[in-house]
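Here's the structure, in structure tokens; my notes come after.
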Amino acid sequence: MPTLVELVPYDPNWAKHFSDAEAVLRATLGSSVVAIDHVGSTAIPGIPAKPIIDIDVTLSSLSAIPRGSAGLVNAGYEPRGNRYDDEVWAFLLKSSAPQLRVYLCPEGNRTHERRLVFREYLRHHDDAAKEYSFLKRRLAAQFSYDGDRYTSEKSQFVQGIVEIALGYV
């Protein structure tokens, strides 16, 4: 059943929600954690977002993913799979408010690195952040019950920003 693509105004409490989740994730996942990063629109001040905190957890290796996955499932996260065959496994914790979406990936993962590049660029370039905000609002209205299409329609903008940030353009 389709669900509403709900965007809400930026909430400064999102940083605290991330910090709280980070502490729990470190305790849950243990010594294989290399880094935990707040990614997605909730990590960019001023950007409207779906009220879901996106978190990338970088683990020491690909072989650490199964154990990390089991730890998240035991902690109540729903596995969402590796949808893009990019060595990133998604999990959702619906019982928290806001919801938490955690991605497990091995060190050096390209998807994770691109998320960080995009986040940092928008944090430091207000014009790009405003343009992205406008795009998100337009797409949420246009594809209000099609989250996959909403996400895919943003991909060209995201790709362009990453290329600019990495100096390809």
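Residues in the structure tokens are numbered from 1 in each chain, the chains being A, B, ... in the order shown, and ligands are numbered from 1 in the order shown.
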A:Ile44 surroundings by only C-alpha atoms, 9 Å radius, close-in-sequence under 4 positions cut, as a list in words: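 Listed by chain and then number, they are Tyr10, Val39, Gly40, Pro48, Arg119, Glu120, Leu122, Arg123 and Ala129 of chain A.
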Contacts between stretch 90-114 of chain A and stretch 2-64 of chain A, please, where a residue of stretch 2-64 of chain A counts if it comes within 8 Å (with only C-alpha atoms); show its shortest atom pair and distance in Å to one decimal, rows by chain and ascending number, as JSON lines.
{"residue": "A:His17", "atom": "CA", "partner": "A:Pro98", "partner_atom": "CA", "distance": 7.7}
{"residue": "A:Val34", "atom": "CA", "partner": "A:Glu107", "partner_atom": "CA", "distance": 7.4}
{"residue": "A:Pro51", "atom": "CA", "partner": "A:Pro98", "partner_atom": "CA", "distance": 5.8}
{"residue": "A:Ile52", "atom": "CA", "partner": "A:Gln99", "partner_atom": "CA", "distance": 4.8}
{"residue": "A:Ile53", "atom": "CA", "partner": "A:Leu100", "partner_atom": "CA", "distance": 4.9}
{"residue": "A:Asp54", "atom": "CA", "partner": "A:Arg101", "partner_atom": "CA", "distance": 4.9}
{"residue": "A:Ile55", "atom": "CA", "partner": "A:Val102", "partner_atom": "CA", "distance": 4.8}
{"residue": "A:Asp56", "atom": "CA", "partner": "A:Tyr103", "partner_atom": "CA", "distance": 4.8}
{"residue": "A:Val57", "atom": "CA", "partner": "A:Leu104", "partner_atom": "CA", "distance": 5.0}
{"residue": "A:Thr58", "atom": "CA", "partner": "A:Cys105", "partner_atom": "CA", "distance": 5.1}
{"residue": "A:Leu59", "atom": "CA", "partner": "A:Pro106", "partner_atom": "CA", "distance": 4.9}
{"residue": "A:Ser60", "atom": "CA", "partner": "A:Glu107", "partner_atom": "CA", "distance": 5.7}
{"residue": "A:Ser61", "atom": "CA", "partner": "A:Pro106", "partner_atom": "CA", "distance": 4.8}
{"residue": "A:Leu62", "atom": "CA", "partner": "A:Pro106", "partner_atom": "CA", "distance": 5.0}
{"residue": "A:Ala64", "atom": "CA", "partner": "A:Pro106", "partner_atom": "CA", "distance": 7.8}
Need to verify the contact set: A:Pro9, 9 Å, only C-alpha atoms, exclusion of same-chain residues closer than 4 positions in sequence. Can you return it as a tab-separated table (two decimals) with N, CA, C and O atoms, in the first residue's frame?
chain	number	residue	atom	x	y	z
A	46	GLY	N	18.10	23.51	7.99
A	46	GLY	CA	17.24	24.31	7.13
A	46	GLY	C	16.51	23.56	6.04
A	46	GLY	O	15.62	24.11	5.40
A	47	ILE	N	16.84	22.30	5.82
A	47	ILE	CA	16.25	21.53	4.72
A	47	ILE	C	14.98	20.81	5.23
A	47	ILE	O	15.04	20.13	6.25
A	48	PRO	N	13.87	20.90	4.49
A	48	PRO	CA	12.72	20.08	4.87
A	48	PRO	C	13.06	18.60	4.62
A	48	PRO	O	13.87	18.29	3.76
A	49	ALA	N	12.44	17.73	5.39
A	49	ALA	CA	12.79	16.32	5.26
A	49	ALA	C	11.62	15.45	5.69
A	49	ALA	O	10.72	15.90	6.40
A	50	LYS	N	11.69	14.19	5.26
A	50	LYS	CA	10.80	13.21	5.85
A	50	LYS	C	11.28	13.03	7.29
A	50	LYS	O	12.49	13.05	7.54
Strand (DSSP E) positions in chain A, given as a PyMOL selection string: chain A and resi 33-39+52-59+78-81+89-93+99-106
Which of stretch 57-166 of chain A fall in helix (DSSP H, G or I), as a PyMOL selection string: chain A and resi 62-74+110-124+126-142+147-165
Could you turn the residues from that selection into a file that holds C-alpha atoms, as a CSV table (one decimal), in the first residue's frame?
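Written out: selection.csv:
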chain,number,residue,atom,x,y,z
A,62,LEU,CA,32.1,-6.6,4.5
A,63,SER,CA,32.4,-9.7,6.6
A,64,ALA,CA,31.1,-7.7,9.6
A,65,ILE,CA,27.8,-7.0,7.9
A,66,PRO,CA,26.0,-10.2,8.9
A,67,ARG,CA,26.8,-9.9,12.6
A,68,GLY,CA,25.8,-6.2,12.5
A,69,SER,CA,22.6,-7.1,10.7
A,70,ALA,CA,21.8,-9.6,13.4
A,71,GLY,CA,22.5,-7.0,16.1
A,72,LEU,CA,20.1,-4.5,14.5
A,73,VAL,CA,17.3,-7.1,14.0
A,74,ASN,CA,17.7,-8.2,17.7
A,110,ARG,CA,31.3,4.5,-2.5
A,111,THR,CA,27.6,5.1,-1.7
A,112,HIS,CA,28.5,6.2,1.8
A,113,GLU,CA,31.3,8.4,0.6
A,114,ARG,CA,28.9,10.1,-1.9
A,115,ARG,CA,26.3,10.7,0.8
A,116,LEU,CA,28.9,12.5,2.9
A,117,VAL,CA,30.1,14.6,0.0
A,118,PHE,CA,26.5,15.6,-0.8
A,119,ARG,CA,25.8,16.4,2.8
A,120,GLU,CA,28.9,18.5,3.3
A,121,TYR,CA,28.3,20.5,0.1
A,122,LEU,CA,24.8,21.4,1.0
A,123,ARG,CA,25.8,22.3,4.6
A,124,HIS,CA,28.3,24.9,3.1
A,126,ASP,CA,23.1,27.8,0.9
A,127,ASP,CA,22.1,28.3,-2.7
A,128,ALA,CA,22.3,24.6,-3.5
A,129,ALA,CA,20.5,23.8,-0.2
A,130,LYS,CA,17.7,26.2,-1.2
A,131,GLU,CA,17.5,24.7,-4.7
A,132,TYR,CA,17.3,21.2,-3.2
A,133,SER,CA,14.6,22.2,-0.7
A,134,PHE,CA,12.5,23.6,-3.6
A,135,LEU,CA,13.0,20.4,-5.6
A,136,LYS,CA,12.0,18.2,-2.7
A,137,ARG,CA,8.8,20.1,-2.0
A,138,ARG,CA,7.9,20.0,-5.7
A,139,LEU,CA,8.5,16.3,-6.0
A,140,ALA,CA,6.7,15.5,-2.7
A,141,ALA,CA,3.6,17.3,-4.1
A,142,GLN,CA,4.0,15.6,-7.5
A,147,GLY,CA,8.3,7.3,-2.5
A,148,ASP,CA,10.5,5.4,-5.0
A,149,ARG,CA,9.7,7.9,-7.7
A,150,TYR,CA,10.2,10.8,-5.4
A,151,THR,CA,13.7,9.5,-4.5
A,152,SER,CA,14.6,8.6,-8.1
A,153,GLU,CA,13.6,12.1,-9.4
A,154,LYS,CA,16.1,13.7,-7.0
A,155,SER,CA,19.0,11.5,-8.2
A,156,GLN,CA,20.0,13.8,-11.1
A,157,PHE,CA,20.3,16.8,-8.7
A,158,VAL,CA,22.2,14.7,-6.2
A,159,GLN,CA,24.6,13.4,-8.8
A,160,GLY,CA,25.2,16.9,-10.1
A,161,ILE,CA,26.1,18.2,-6.7
A,162,VAL,CA,28.4,15.3,-6.0
A,163,GLU,CA,30.2,15.9,-9.3
A,164,ILE,CA,30.6,19.6,-8.6
A,165,ALA,CA,31.9,18.9,-5.1
One-decimal distance in Å that lies between atom CA of A:Ala75 and atom CA of A:Ala21: 11.9 Å
Which of A:Ser144, A:Asn82, A:Thr42, A:Thr3 sits closest to A:Lys16 [using only C-alpha atoms]: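 Selected residue with least distance to A:Lys16: A:Thr42.
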Atom pair atom CA of A:Thr28 / atom CA of A:Trp89: separation (Å): 16.2 Å
